[in-house]
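Source file: work-v9.cif. Holds: mmCIF, C-alpha atoms.
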data_model
#
loop_
_atom_site.label_atom_id
_atom_site.label_comp_id
_atom_site.auth_asym_id
_atom_site.auth_seq_id
_atom_site.Cartn_x
_atom_site.Cartn_y
_atom_site.Cartn_z
CA MET Z 1 0.00 0.00 0.00
CA LYS Z 2 2.80 2.40 0.85
CA SER Z 3 4.48 1.58 -2.48
CA LEU Z 4 1.29 2.55 -4.32
CA TYR Z 5 1.13 5.81 -2.37
CA ILE Z 6 4.73 6.59 -3.35
CA VAL Z 7 3.99 5.95 -7.05
CA VAL Z 8 0.93 8.21 -6.95
CA LEU Z 9 2.82 10.92 -5.08
CA SER Z 10 5.63 10.73 -7.62
CA ALA Z 11 3.15 11.34 -10.43
CA VAL Z 12 1.78 14.37 -8.62
CA LEU Z 13 5.27 15.77 -8.13
CA LEU Z 14 6.11 15.40 -11.81
CA CYS Z 15 3.41 17.92 -12.67
CA ASN Z 16 5.75 20.64 -11.36
CA CYS Z 17 3.09 21.99 -9.02
CA THR Z 18 5.27 24.76 -7.57
CA SER Z 19 7.29 27.37 -9.43
CA ALA Z 20 9.34 30.44 -8.70
CA HIS Z 21 7.65 33.74 -9.36
CA GLY Z 22 8.10 37.47 -9.03
CA PRO Z 23 10.94 39.92 -9.56
CA PRO Z 24 13.99 40.40 -7.32
CA TYR Z 25 13.11 41.90 -3.94
CA ALA Z 26 14.81 43.67 -1.06
CA PRO Z 27 14.70 41.90 2.33
CA VAL Z 28 13.94 44.03 5.38
CA ARG Z 29 17.12 45.29 7.06
CA LEU Z 30 17.55 46.42 10.64
CA ALA Z 31 17.51 50.11 11.54
CA PRO Z 32 20.86 51.92 12.08
CA ALA Z 33 20.15 52.25 15.82
CA CYS Z 34 20.43 48.48 16.21
CA ALA Z 35 24.20 48.71 15.67
CA GLN Z 36 24.51 50.26 19.13
CA LYS Z 37 21.52 48.65 20.82
CA GLY Z 38 22.39 45.11 19.83
CA VAL Z 39 20.50 42.43 17.94
CA GLN Z 40 17.87 40.16 19.47
CA LEU Z 41 18.56 36.88 17.63
CA THR Z 42 15.93 34.15 17.72
CA ILE Z 43 16.42 30.76 16.06
CA ILE Z 44 13.28 28.75 15.30
CA GLY Z 45 12.93 25.43 13.56
CA ASP Z 46 13.62 21.75 13.97
CA SER Z 47 16.55 19.57 15.05
CA LEU Z 48 18.90 21.46 12.71
CA ALA Z 49 18.02 24.65 14.56
CA ARG Z 50 18.64 22.88 17.87
CA GLY Z 51 21.93 21.43 16.63
CA TRP Z 52 21.46 17.68 16.85
CA GLY Z 53 24.54 15.87 15.59
CA ALA Z 54 27.10 18.44 16.75
CA SER Z 55 29.81 17.26 19.14
CA ALA Z 56 29.29 20.22 21.50
CA PRO Z 57 26.85 23.16 21.84
CA GLU Z 58 29.41 25.64 20.52
CA ASN Z 59 29.63 23.70 17.23
CA THR Z 60 25.94 23.97 16.33
CA PHE Z 61 24.63 26.21 13.54
CA ALA Z 62 22.94 28.52 16.07
CA SER Z 63 26.08 28.96 18.18
CA LEU Z 64 28.31 29.56 15.16
CA VAL Z 65 25.96 32.23 13.82
CA TYR Z 66 25.58 33.82 17.26
CA ALA Z 67 29.35 34.01 17.73
CA ALA Z 68 29.83 35.58 14.30
CA ILE Z 69 27.15 38.22 14.94
CA ARG Z 70 28.57 39.06 18.37
CA ARG Z 71 31.92 39.83 16.78
CA LYS Z 72 30.13 42.60 14.84
CA ARG Z 73 27.38 43.41 17.37
CA PRO Z 74 28.71 42.62 20.89
CA ASN Z 75 25.39 43.39 22.60
CA THR Z 76 23.56 40.66 20.68
CA THR Z 77 21.46 38.15 22.62
CA MET Z 78 20.15 34.78 21.40
CA ARG Z 79 17.21 32.48 22.11
CA ASN Z 80 17.01 29.09 20.43
CA LEU Z 81 13.43 27.83 20.26
CA GLY Z 82 14.17 24.91 17.91
CA ARG Z 83 12.30 21.66 18.58
CA PRO Z 84 13.63 18.37 17.15
CA GLY Z 85 11.04 16.68 14.98
CA ALA Z 86 8.93 19.80 14.51
CA THR Z 87 7.13 20.29 11.20
CA THR Z 88 6.45 23.71 9.72
CA ASP Z 89 2.91 23.71 11.14
CA GLU Z 90 4.23 22.86 14.61
CA ILE Z 91 6.91 25.55 14.47
CA ALA Z 92 4.25 28.13 13.61
CA ARG Z 93 1.95 26.95 16.39
CA ILE Z 94 4.42 26.22 19.20
CA GLU Z 95 7.58 28.27 18.63
CA VAL Z 96 6.51 31.49 16.90
CA PRO Z 97 4.32 32.76 19.80
CA HIS Z 98 7.47 32.79 21.99
CA ILE Z 99 9.41 35.16 19.73
CA ARG Z 100 10.21 38.36 21.60
CA ALA Z 101 10.30 40.66 18.64
CA ASP Z 102 11.21 44.32 18.45
CA ALA Z 103 12.71 46.67 15.87
CA CYS Z 104 16.14 45.07 16.37
CA SER Z 105 14.89 41.49 16.09
CA LEU Z 106 16.54 38.96 13.78
CA VAL Z 107 14.68 35.68 13.31
CA VAL Z 108 16.45 32.80 11.58
CA ILE Z 109 14.24 29.92 10.42
CA ILE Z 110 15.34 26.36 9.65
CA ALA Z 111 12.24 24.36 8.75
CA GLY Z 112 10.92 21.83 6.27
CA ALA Z 113 13.02 18.68 6.55
CA ASN Z 114 10.44 16.91 8.71
CA ASP Z 115 7.67 17.88 6.28
CA VAL Z 116 9.65 16.15 3.52
CA GLN Z 117 10.20 13.11 5.73
CA LYS Z 118 6.45 12.91 6.28
CA LEU Z 119 5.91 13.17 2.49
CA TYR Z 120 3.73 16.27 2.74
CA THR Z 121 2.69 17.43 -0.72
CA PRO Z 122 4.19 20.59 -2.24
CA HIS Z 123 0.85 22.38 -1.88
CA HIS Z 124 0.56 21.46 1.81
CA PHE Z 125 4.11 22.58 2.50
CA GLY Z 126 3.79 25.80 0.49
CA VAL Z 127 0.68 26.87 2.38
CA SER Z 128 2.20 25.92 5.75
CA TYR Z 129 5.46 27.75 5.15
CA ALA Z 130 3.72 30.88 3.90
CA LYS Z 131 1.59 30.93 7.05
CA LEU Z 132 4.70 30.45 9.20
CA LEU Z 133 6.45 33.46 7.69
CA GLN Z 134 3.31 35.56 7.82
CA LYS Z 135 2.99 34.87 11.56
CA VAL Z 136 6.62 35.84 12.12
CA ARG Z 137 6.17 39.04 10.12
CA VAL Z 138 3.04 40.02 12.06
CA LEU Z 139 5.01 39.72 15.30
CA SER Z 140 8.04 41.52 13.88
CA PRO Z 141 7.03 43.92 11.09
CA LYS Z 142 10.29 45.88 11.25
CA GLY Z 143 12.64 43.08 12.20
CA ALA Z 144 14.90 41.10 9.91
CA VAL Z 145 14.15 37.52 8.91
CA VAL Z 146 16.49 35.00 7.30
CA VAL Z 147 15.17 31.64 6.10
CA LEU Z 148 17.29 28.65 5.16
CA GLY Z 149 16.22 26.47 2.28
CA LEU Z 150 16.46 22.70 2.42
CA PRO Z 151 19.35 20.52 1.37
CA ASP Z 152 18.36 17.51 -0.70
CA VAL Z 153 17.03 15.36 2.14
CA SER Z 154 17.26 12.25 -0.04
CA LEU Z 155 21.08 12.38 0.12
CA SER Z 156 21.01 10.96 3.63
CA PRO Z 157 22.11 7.31 3.60
CA ARG Z 158 19.25 6.57 5.99
CA ILE Z 159 16.60 7.28 3.32
CA PRO Z 160 15.30 4.06 1.68
CA TRP Z 161 16.22 3.89 -2.01
CA LEU Z 162 12.55 3.73 -3.07
CA LEU Z 163 11.86 7.06 -1.36
CA ARG Z 164 14.93 8.91 -2.61
CA PRO Z 165 13.49 10.24 -5.91
CA VAL Z 166 10.35 11.37 -4.10
CA GLU Z 167 12.15 13.10 -1.24
CA SER Z 168 14.61 14.71 -3.65
CA ARG Z 169 11.74 16.25 -5.62
CA LEU Z 170 9.91 17.25 -2.44
CA SER Z 171 13.09 18.94 -1.19
CA LYS Z 172 13.48 20.85 -4.45
CA ASP Z 173 9.83 21.95 -4.50
CA ALA Z 174 10.04 22.96 -0.83
CA ASN Z 175 12.92 25.28 -1.69
CA THR Z 176 10.78 26.94 -4.34
CA SER Z 177 8.03 27.48 -1.75
CA ILE Z 178 10.47 28.81 0.86
CA ALA Z 179 11.98 31.26 -1.64
CA ALA Z 180 8.53 32.49 -2.67
CA ALA Z 181 7.42 32.97 0.94
CA ALA Z 182 10.65 34.85 1.68
CA ARG Z 183 10.04 37.14 -1.27
CA ASP Z 184 6.47 37.84 -0.18
CA ASN Z 185 7.46 38.62 3.41
CA GLY Z 186 10.68 40.60 3.09
CA ALA Z 187 12.94 37.78 4.29
CA ALA Z 188 16.39 36.82 3.01
CA PHE Z 189 16.56 33.33 1.49
CA VAL Z 190 19.61 31.07 1.83
CA PRO Z 191 19.55 28.24 -0.76
CA LEU Z 192 21.00 24.91 0.33
CA TYR Z 193 19.66 22.43 -2.26
CA ALA Z 194 22.36 23.02 -4.90
CA LEU Z 195 25.01 23.24 -2.18
CA SER Z 196 24.06 19.80 -0.88
CA HIS Z 197 24.55 18.38 -4.39
CA ASN Z 198 27.89 20.13 -4.77
CA GLU Z 199 28.99 18.52 -1.50
CA SER Z 200 27.33 15.15 -2.17
CA TYR Z 201 30.65 13.49 -3.01
CA ARG Z 202 31.57 13.79 0.68
CA ALA Z 203 28.08 13.71 2.17
CA LYS Z 204 28.92 10.90 4.59
CA SER Z 205 31.82 12.90 6.02
CA LEU Z 206 29.49 15.84 6.76
CA LEU Z 207 26.91 13.81 8.67
CA SER Z 208 26.90 12.72 12.30
CA GLY Z 209 26.75 9.12 13.39
CA ASP Z 210 22.98 8.96 12.95
CA GLY Z 211 23.35 9.47 9.19
CA ILE Z 212 20.77 12.26 9.18
CA HIS Z 213 21.99 15.34 11.04
CA PRO Z 214 25.12 17.34 10.18
CA ASN Z 215 28.30 16.92 12.17
CA ASP Z 216 30.51 19.83 13.22
CA GLU Z 217 31.85 20.35 9.70
CA GLY Z 218 28.35 20.15 8.23
CA TYR Z 219 27.11 22.84 10.60
CA ARG Z 220 30.14 24.99 9.83
CA ILE Z 221 29.31 24.85 6.11
CA MET Z 222 25.68 25.74 6.86
CA ALA Z 223 26.72 28.71 8.98
CA ASP Z 224 29.29 29.94 6.46
CA THR Z 225 26.64 29.76 3.74
CA ALA Z 226 24.03 31.65 5.76
CA LEU Z 227 26.26 34.36 7.27
CA PRO Z 228 26.53 36.61 4.17
CA SER Z 229 22.73 36.94 4.08
CA ILE Z 230 22.56 37.39 7.85
CA MET Z 231 25.21 40.10 7.83
CA MET Z 232 23.47 41.81 4.92
CA VAL Z 233 20.17 42.23 6.79
CA LEU Z 234 22.05 43.53 9.84
CA GLN Z 235 23.29 46.46 7.78
CA ALA Z 236 21.04 49.52 7.41
CA PRO Z 237 19.77 50.01 3.83
#

Using structure tokens, write down the structure that the file contains.
Amino acid sequence: MKSLYIVVLSAVLLCNCTSAHGPPYAPVRLAPACAQKGVQLTIIGDSLARGWGASAPENTFASLVYAAIRRKRPNTTMRNLGRPGATTDEIARIEVPHIRADACSLVVIIAGANDVQKLYTPHHFGVSYAKLLQKVRVLSPKGAVVVLGLPDVSLSPRIPWLLRPVESRLSKDANTSIAAAARDNGAAFVPLYALSHNESYRAKSLLSGDGIHPNDEGYRIMADTALPSIMMVLQAP
């Protein structure tokens, strides 16, 4: 029965149900006063936001980004609300209400991998992610938001071979939805799908022992990829 579901879902995905749209846009940047006041950094998302797979807390994506921002903005504070296993709907419902947003707020979002693992359709994910970003923007209309796209989840050696084409396509379509939601809500988008393919030749060396989450080097690459966009939104326009 599950094999039949996978075949049907594959046919749906091949219709190319999601697509990029719209012209280039300018993400919201923080006001000049935030350079002195300090940045209120909030990380929301799933186990990648929390840092599962890292050898120590200081080697997680959140800690690496926090340390880099503090070198530029010493008064920065951070809260990590990430919940392992959380889907986009759960992040919007459980984590977003705890964001303490103000004009110097920076929210970084890492979400979507669990939606792919649950084989949520592109339409379901697109609607969920748009609602997530809309809720964040309502709470923080003048704050900066940076969203990370998804790597190709199917590259994990733990994914069964029958599911790999499906999860690869779901990952790609999810990135299209994330980019569109970012554009519509003044957020900066950090693409990771192509990067994961560029690094696929050494994928096993970038994963922790569970074969799913990044190790220290994997998180370092994620942080290095995201930091240019993060630093850009910290600069006044």

**OP:** Return as a ChimeraX atom specification the set of residues that the PyMOL selection byres ((chain Z and resi 105-120) around 7) yields on the displayed structure.
**Re:** /Z:39-46,48-49,85-88,101-104,121-122,124-125,143-148,150,153,167,170-171

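The space separating atom CA of Ala179 of chain Z from atom CA of Arg29 of chain Z comes to 17.3 Å.
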
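Coordinates place atom CA of Asp152 of chain Z at a distance of 5.5 Å from atom CA of Ser168 of chain Z.
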
**OP:** Could you expand the PyMOL selection byres ((chain Z and resi 34) around 9) into the explicit residues it covers here, written as a PyMOL selection string?
**Re:** chain Z and resi 30-33+35-39+73+103-105+234+236

**OP:** With a distance cut-off of 12 Å and all atoms listed in the file, select the neighbouring residues of Asn185 of chain Z, excluding the residue or stretch itself and same-chain residues fewer than 2 positions from it, and output the selection as JSON, numbers by chain.
**Re:** {"Z": [25, 26, 27, 28, 129, 130, 131, 132, 133, 134, 135, 136, 137, 138, 140, 141, 142, 143, 144, 145, 146, 147, 178, 179, 180, 181, 182, 183, 187, 188, 189]}

**OP:** Would you translate the PyMOL selection byres ((chain Z and resi 66) around 10) into the concrete set of residues it matches in this file, as an NGL selection string?
**Re:** :Z and (41-43 or 58 or 60-65 or 67-71 or 73 or 76-79 or 223)

At most 9 Å is the cut-off: for each residue in segment 140-165 of chain Z with any atom that close to an atom of segment 199-215 of chain Z, write down the nearest atom pair and the distance in Å rounded to one decimal, counting all atoms listed in the file, chain first then increasing number, as a Markdown table.
| residue | atom | partner | partner_atom | distance |
| --- | --- | --- | --- | --- |
| Z:Val153 | CA | Z:Ile212 | CA | 8.6 |
| Z:Leu155 | CA | Z:Ser200 | CA | 7.2 |
| Z:Ser156 | CA | Z:Ile212 | CA | 5.7 |
| Z:Pro157 | CA | Z:Gly211 | CA | 6.1 |
| Z:Arg158 | CA | Z:Gly211 | CA | 6.0 |
| Z:Ile159 | CA | Z:Ile212 | CA | 8.7 |
